[in-house]
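Here is the structure we will look at, set down as structure tokens.
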Amino acid sequence: MTLSTVSGLDAAAVRAHPLCGPAEFMPVRYRGPHKLGHLGWLDFTSRLERGEETSLVCSATDGNERVLDVGGGTGELTRAVAVQLGHCTTVEPHTERVAALNEYAEAGGTGTIEILPGRAESLPFSDGTFDAVIATWILPYVDDLERSVREMARVCDPRHPAAKIMLIGGAPDNELVSILNQACVPIAGEPHDHQGHLLAVAAGILAGQGFGDFTLYRTEAALQFPEPDLEARVHAAAETLVNFWFEGHPAGAEMRRAVKPLIRRHFERRPHAIGDQGTVLIARPRRL
């Protein structure tokens, strides 16, 4: 696993760090949530290879006992933690994904999973229920960023020696976000996505809740497009990327036309993959 790591940061250093960049495009406020269509999400996740993230989550939670995964999604990370520790709890707002997670739990896989419907803005747990909270790629989809992060801090017990909150978002060189920002976001008339801003804001909120010792990592993940023919790959990638954030959008056809030249040029350099590189923020209580 090849990771860039920097530790011992405070919230101001997180905001200024290149892994939360680019600094010159840092917005002043949360742009609001992206809409995540179900079919587009399924297509996206079926092509995503995220081995580094899974390994990092398991490594970071190895010393924990009570782990919450906020937004279980496919259940891949939830399952990995459950296998490692014997148990993991997840909260997932989308009924289709709750059903998929329940199917795994009922199948009797190694490790038990507790699945609750709910949202990051109002976690259905008492204060300090968990000693680790993980939230991977959910900050772009919450309605209330500050409330969501405060809830994660509320349910995490800072007295536990391995207490931590772990957030994953897009790295500044994230290829998928770059293509969407260039081709689709302007057509939608939306502000550009800046995922480093979300992590920087989260760091400031967590510091105010007592979780002020930060570590940053960079991870590699990618969407795979194994289609042998270039034009077939371009078409498939255009469908996947546009439907991920703009499924059912009235300007969807225009977005597909706009995104294809960028994808074609990308595949000249990297023929079968589009990167979904991540920045990982781990917040721990600052010990005296």
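Following the order of the structure tokens, chains are lettered A, B, ..., residues in each are numbered from 1, and ligands are numbered from 1.
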
Write down as a ChimeraX atom specification the residues belonging to region 211-243 of chain A that are assigned strand (DSSP E or B) by DSSP computed on the backbone.
/A:213-219,222-224

Kindly export the residues of the current selection with all heavy atoms, as an mmCIF file, in the first residue's frame.
```cif
data_model
loop_
_atom_site.group_PDB
_atom_site.id
_atom_site.type_symbol
_atom_site.label_atom_id
_atom_site.label_comp_id
_atom_site.auth_asym_id
_atom_site.auth_seq_id
_atom_site.Cartn_x
_atom_site.Cartn_y
_atom_site.Cartn_z
ATOM 1 N N ASP A 213 -6.484 16.373 17.185
ATOM 2 C CA ASP A 213 -5.186 15.840 16.763
ATOM 3 C C ASP A 213 -5.403 15.082 15.458
ATOM 4 O O ASP A 213 -6.047 14.028 15.445
ATOM 5 C CB ASP A 213 -4.618 14.913 17.844
ATOM 6 C CG ASP A 213 -3.234 14.390 17.512
ATOM 7 O OD1 ASP A 213 -2.667 14.795 16.476
ATOM 8 O OD2 ASP A 213 -2.708 13.553 18.275
ATOM 9 N N PHE A 214 -4.865 15.606 14.358
ATOM 10 C CA PHE A 214 -5.238 15.096 13.035
ATOM 11 C C PHE A 214 -4.079 14.427 12.310
ATOM 12 O O PHE A 214 -2.925 14.864 12.410
ATOM 13 C CB PHE A 214 -5.767 16.241 12.168
ATOM 14 C CG PHE A 214 -6.991 16.898 12.731
ATOM 15 C CD1 PHE A 214 -6.898 18.123 13.386
ATOM 16 C CD2 PHE A 214 -8.225 16.303 12.623
ATOM 17 C CE1 PHE A 214 -8.016 18.732 13.916
ATOM 18 C CE2 PHE A 214 -9.363 16.908 13.152
ATOM 19 C CZ PHE A 214 -9.255 18.125 13.804
ATOM 20 N N THR A 215 -4.451 13.389 11.549
ATOM 21 C CA THR A 215 -3.532 12.737 10.618
ATOM 22 C C THR A 215 -4.192 12.713 9.246
ATOM 23 O O THR A 215 -5.398 12.457 9.142
ATOM 24 C CB THR A 215 -3.210 11.304 11.060
ATOM 25 O OG1 THR A 215 -2.639 11.326 12.370
ATOM 26 C CG2 THR A 215 -2.225 10.640 10.105
ATOM 27 N N LEU A 216 -3.424 12.989 8.213
ATOM 28 C CA LEU A 216 -3.914 12.935 6.837
ATOM 29 C C LEU A 216 -3.189 11.848 6.068
ATOM 30 O O LEU A 216 -1.973 11.666 6.217
ATOM 31 C CB LEU A 216 -3.702 14.273 6.129
ATOM 32 C CG LEU A 216 -4.603 15.440 6.524
ATOM 33 C CD1 LEU A 216 -4.115 16.713 5.853
ATOM 34 C CD2 LEU A 216 -6.052 15.171 6.139
ATOM 35 N N TYR A 217 -3.930 11.143 5.250
ATOM 36 C CA TYR A 217 -3.383 10.143 4.335
ATOM 37 C C TYR A 217 -3.922 10.424 2.933
ATOM 38 O O TYR A 217 -4.960 11.067 2.769
ATOM 39 C CB TYR A 217 -3.829 8.722 4.713
ATOM 40 C CG TYR A 217 -3.430 8.234 6.073
ATOM 41 C CD1 TYR A 217 -4.190 8.545 7.191
ATOM 42 C CD2 TYR A 217 -2.312 7.430 6.248
ATOM 43 C CE1 TYR A 217 -3.847 8.084 8.449
ATOM 44 C CE2 TYR A 217 -1.956 6.955 7.501
ATOM 45 C CZ TYR A 217 -2.732 7.286 8.592
ATOM 46 O OH TYR A 217 -2.395 6.821 9.842
ATOM 47 N N ARG A 218 -3.241 9.873 1.938
ATOM 48 C CA ARG A 218 -3.756 9.869 0.572
ATOM 49 C C ARG A 218 -3.874 8.420 0.125
ATOM 50 O O ARG A 218 -2.968 7.612 0.371
ATOM 51 C CB ARG A 218 -2.837 10.628 -0.376
ATOM 52 C CG ARG A 218 -3.360 10.678 -1.823
ATOM 53 C CD ARG A 218 -2.334 11.259 -2.766
ATOM 54 N NE ARG A 218 -2.800 11.242 -4.141
ATOM 55 C CZ ARG A 218 -2.796 10.171 -4.933
ATOM 56 N NH1 ARG A 218 -2.337 9.020 -4.463
ATOM 57 N NH2 ARG A 218 -3.242 10.235 -6.169
ATOM 58 N N THR A 219 -4.971 8.065 -0.509
ATOM 59 C CA THR A 219 -5.181 6.699 -0.971
ATOM 60 C C THR A 219 -5.499 6.676 -2.462
ATOM 61 O O THR A 219 -5.976 7.661 -3.034
ATOM 62 C CB THR A 219 -6.336 6.018 -0.212
ATOM 63 O OG1 THR A 219 -7.537 6.764 -0.429
ATOM 64 C CG2 THR A 219 -6.052 5.928 1.266
ATOM 65 N N ALA A 222 -9.891 3.451 -7.962
ATOM 66 C CA ALA A 222 -10.168 3.747 -9.369
ATOM 67 C C ALA A 222 -11.404 3.014 -9.846
ATOM 68 O O ALA A 222 -11.742 1.919 -9.373
ATOM 69 C CB ALA A 222 -8.972 3.345 -10.240
ATOM 70 N N LEU A 223 -12.091 3.658 -10.796
ATOM 71 C CA LEU A 223 -13.154 3.010 -11.535
ATOM 72 C C LEU A 223 -12.534 2.268 -12.713
ATOM 73 O O LEU A 223 -11.713 2.832 -13.443
ATOM 74 C CB LEU A 223 -14.147 4.042 -12.057
ATOM 75 C CG LEU A 223 -14.861 4.900 -11.021
ATOM 76 C CD1 LEU A 223 -15.653 5.995 -11.724
ATOM 77 C CD2 LEU A 223 -15.753 4.070 -10.151
ATOM 78 N N GLN A 224 -12.933 1.023 -12.883
ATOM 79 C CA GLN A 224 -12.352 0.182 -13.933
ATOM 80 C C GLN A 224 -13.294 0.087 -15.131
ATOM 81 O O GLN A 224 -14.498 -0.136 -14.969
ATOM 82 C CB GLN A 224 -12.064 -1.218 -13.382
ATOM 83 C CG GLN A 224 -11.112 -1.238 -12.200
ATOM 84 C CD GLN A 224 -9.726 -0.713 -12.563
ATOM 85 O OE1 GLN A 224 -9.236 -0.957 -13.671
ATOM 86 N NE2 GLN A 224 -9.101 -0.003 -11.634
#
```

Hey, what's within 9 Å of region 135-143 of chain A if we count only C-alpha atoms and toss same-chain stuff fewer than 5 positions away? As a VMD selection string, please?
chain A and resid 30 to 36 53 68 to 72 77 119 to 121 148 to 149 152 165 to 170 193 195 198 to 199 202 278 280

Which polymer residues have any atom within 12 Å of an atom of Gly248 (chain A), counting only C-alpha atoms, with same-chain residues fewer than 5 positions away left out, as JSON, numbers by chain?
{"A": [35, 36, 37, 38, 39, 40, 188, 239, 242, 243, 253, 255]}

For those residues, write all heavy atoms to a file as a CSV table (one decimal), in the first residue's frame.
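Contents of out-v8.csv, freshly written:
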```csv
chain,number,residue,atom,x,y,z
A,35,LYS,N,-26.9,15.1,-5.4
A,35,LYS,CA,-28.0,14.0,-5.4
A,35,LYS,C,-27.3,12.7,-5.9
A,35,LYS,O,-26.6,12.7,-7.0
A,35,LYS,CB,-29.1,14.5,-6.3
A,35,LYS,CG,-29.9,15.7,-5.8
A,35,LYS,CD,-31.0,16.1,-6.8
A,35,LYS,CE,-31.8,17.3,-6.2
A,35,LYS,NZ,-32.9,17.7,-7.1
A,36,LEU,N,-27.6,11.7,-5.2
A,36,LEU,CA,-27.0,10.4,-5.5
A,36,LEU,C,-28.1,9.4,-6.0
A,36,LEU,O,-28.8,8.9,-5.2
A,36,LEU,CB,-26.2,9.8,-4.3
A,36,LEU,CG,-25.2,8.7,-4.5
A,36,LEU,CD1,-24.1,9.1,-5.5
A,36,LEU,CD2,-24.6,8.3,-3.2
A,37,GLY,N,-28.2,9.2,-7.3
A,37,GLY,CA,-29.2,8.3,-7.8
A,37,GLY,C,-28.8,6.9,-7.6
A,37,GLY,O,-27.7,6.5,-7.6
A,38,HIS,N,-29.9,6.1,-7.4
A,38,HIS,CA,-29.6,4.7,-7.0
A,38,HIS,C,-28.9,3.9,-8.1
A,38,HIS,O,-27.9,3.2,-7.9
A,38,HIS,CB,-30.9,4.0,-6.5
A,38,HIS,CG,-30.7,2.6,-6.1
A,38,HIS,ND1,-29.9,2.2,-5.0
A,38,HIS,CD2,-31.2,1.4,-6.6
A,38,HIS,CE1,-30.0,0.9,-4.9
A,38,HIS,NE2,-30.7,0.4,-5.8
A,39,LEU,N,-29.5,3.9,-9.3
A,39,LEU,CA,-28.9,3.1,-10.4
A,39,LEU,C,-27.5,3.6,-10.8
A,39,LEU,O,-26.6,2.8,-11.0
A,39,LEU,CB,-29.8,3.2,-11.6
A,39,LEU,CG,-31.2,2.5,-11.4
A,39,LEU,CD1,-32.1,2.6,-12.7
A,39,LEU,CD2,-31.1,1.0,-11.0
A,40,GLY,N,-27.3,4.9,-10.8
A,40,GLY,CA,-26.0,5.5,-11.0
A,40,GLY,C,-25.0,5.0,-10.0
A,40,GLY,O,-23.8,4.7,-10.3
A,188,ALA,N,-24.9,22.0,-15.2
A,188,ALA,CA,-25.9,22.0,-14.1
A,188,ALA,C,-26.1,23.3,-13.4
A,188,ALA,O,-27.1,23.5,-12.7
A,188,ALA,CB,-25.5,20.9,-13.1
A,239,GLU,N,-21.5,7.4,-19.2
A,239,GLU,CA,-22.8,7.0,-18.5
A,239,GLU,C,-22.5,6.9,-17.0
A,239,GLU,O,-23.3,7.4,-16.2
A,239,GLU,CB,-23.2,5.6,-19.0
A,239,GLU,CG,-23.8,5.7,-20.5
A,239,GLU,CD,-25.1,6.5,-20.6
A,239,GLU,OE1,-25.9,6.3,-19.7
A,239,GLU,OE2,-25.2,7.3,-21.5
A,242,VAL,N,-21.7,10.6,-15.4
A,242,VAL,CA,-22.9,11.5,-15.4
A,242,VAL,C,-24.0,11.0,-14.5
A,242,VAL,O,-24.5,11.8,-13.7
A,242,VAL,CB,-23.4,11.7,-16.8
A,242,VAL,CG1,-24.8,12.5,-16.8
A,242,VAL,CG2,-22.4,12.5,-17.7
A,243,ASN,N,-24.2,9.7,-14.5
A,243,ASN,CA,-25.3,9.2,-13.7
A,243,ASN,C,-25.0,9.2,-12.2
A,243,ASN,O,-25.8,9.1,-11.4
A,243,ASN,CB,-25.7,7.8,-14.1
A,243,ASN,CG,-26.4,7.8,-15.5
A,243,ASN,OD1,-27.0,8.8,-15.8
A,243,ASN,ND2,-26.4,6.6,-16.1
A,253,ALA,N,-28.1,14.5,-21.4
A,253,ALA,CA,-27.6,14.2,-22.8
A,253,ALA,C,-26.5,15.3,-23.1
A,253,ALA,O,-25.4,14.9,-23.6
A,253,ALA,CB,-28.7,14.3,-23.8
A,255,MET,N,-24.6,16.8,-20.9
A,255,MET,CA,-23.5,16.4,-20.1
A,255,MET,C,-22.7,15.3,-20.7
A,255,MET,O,-21.4,15.3,-20.7
A,255,MET,CB,-24.0,16.1,-18.7
A,255,MET,CG,-24.5,17.2,-17.9
A,255,MET,SD,-25.1,16.6,-16.3
A,255,MET,CE,-25.8,18.1,-15.6
```

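You can rank A:Ala162, A:Val133, A:Leu123, A:Leu48 by their closest distance to Leu241 (chain A) using only C-alpha atoms, and at the top of that list sits A:Leu48.
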
Among region 60-261 of chain A, which ones does DSSP assign to helix (DSSP H, G or I) (computed from the backbone)? Answer as a ChimeraX atom specification.
/A:60,76-85,95-106,139-141,145-154,175-183,185-188,195-208,230-246,252-261

Who sits within 8 Å of Pro285 (chain A), only C-alpha atoms, same chain under 3 positions skipped, as JSON, numbers by chain
{"A": [158, 163, 164, 210, 211, 212, 213]}

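Candidate residues A:His17, A:His272, A:Arg29, A:Arg66 were compared for distance to Asp144 (chain A), and the nearest is A:Arg29, using only C-alpha atoms.
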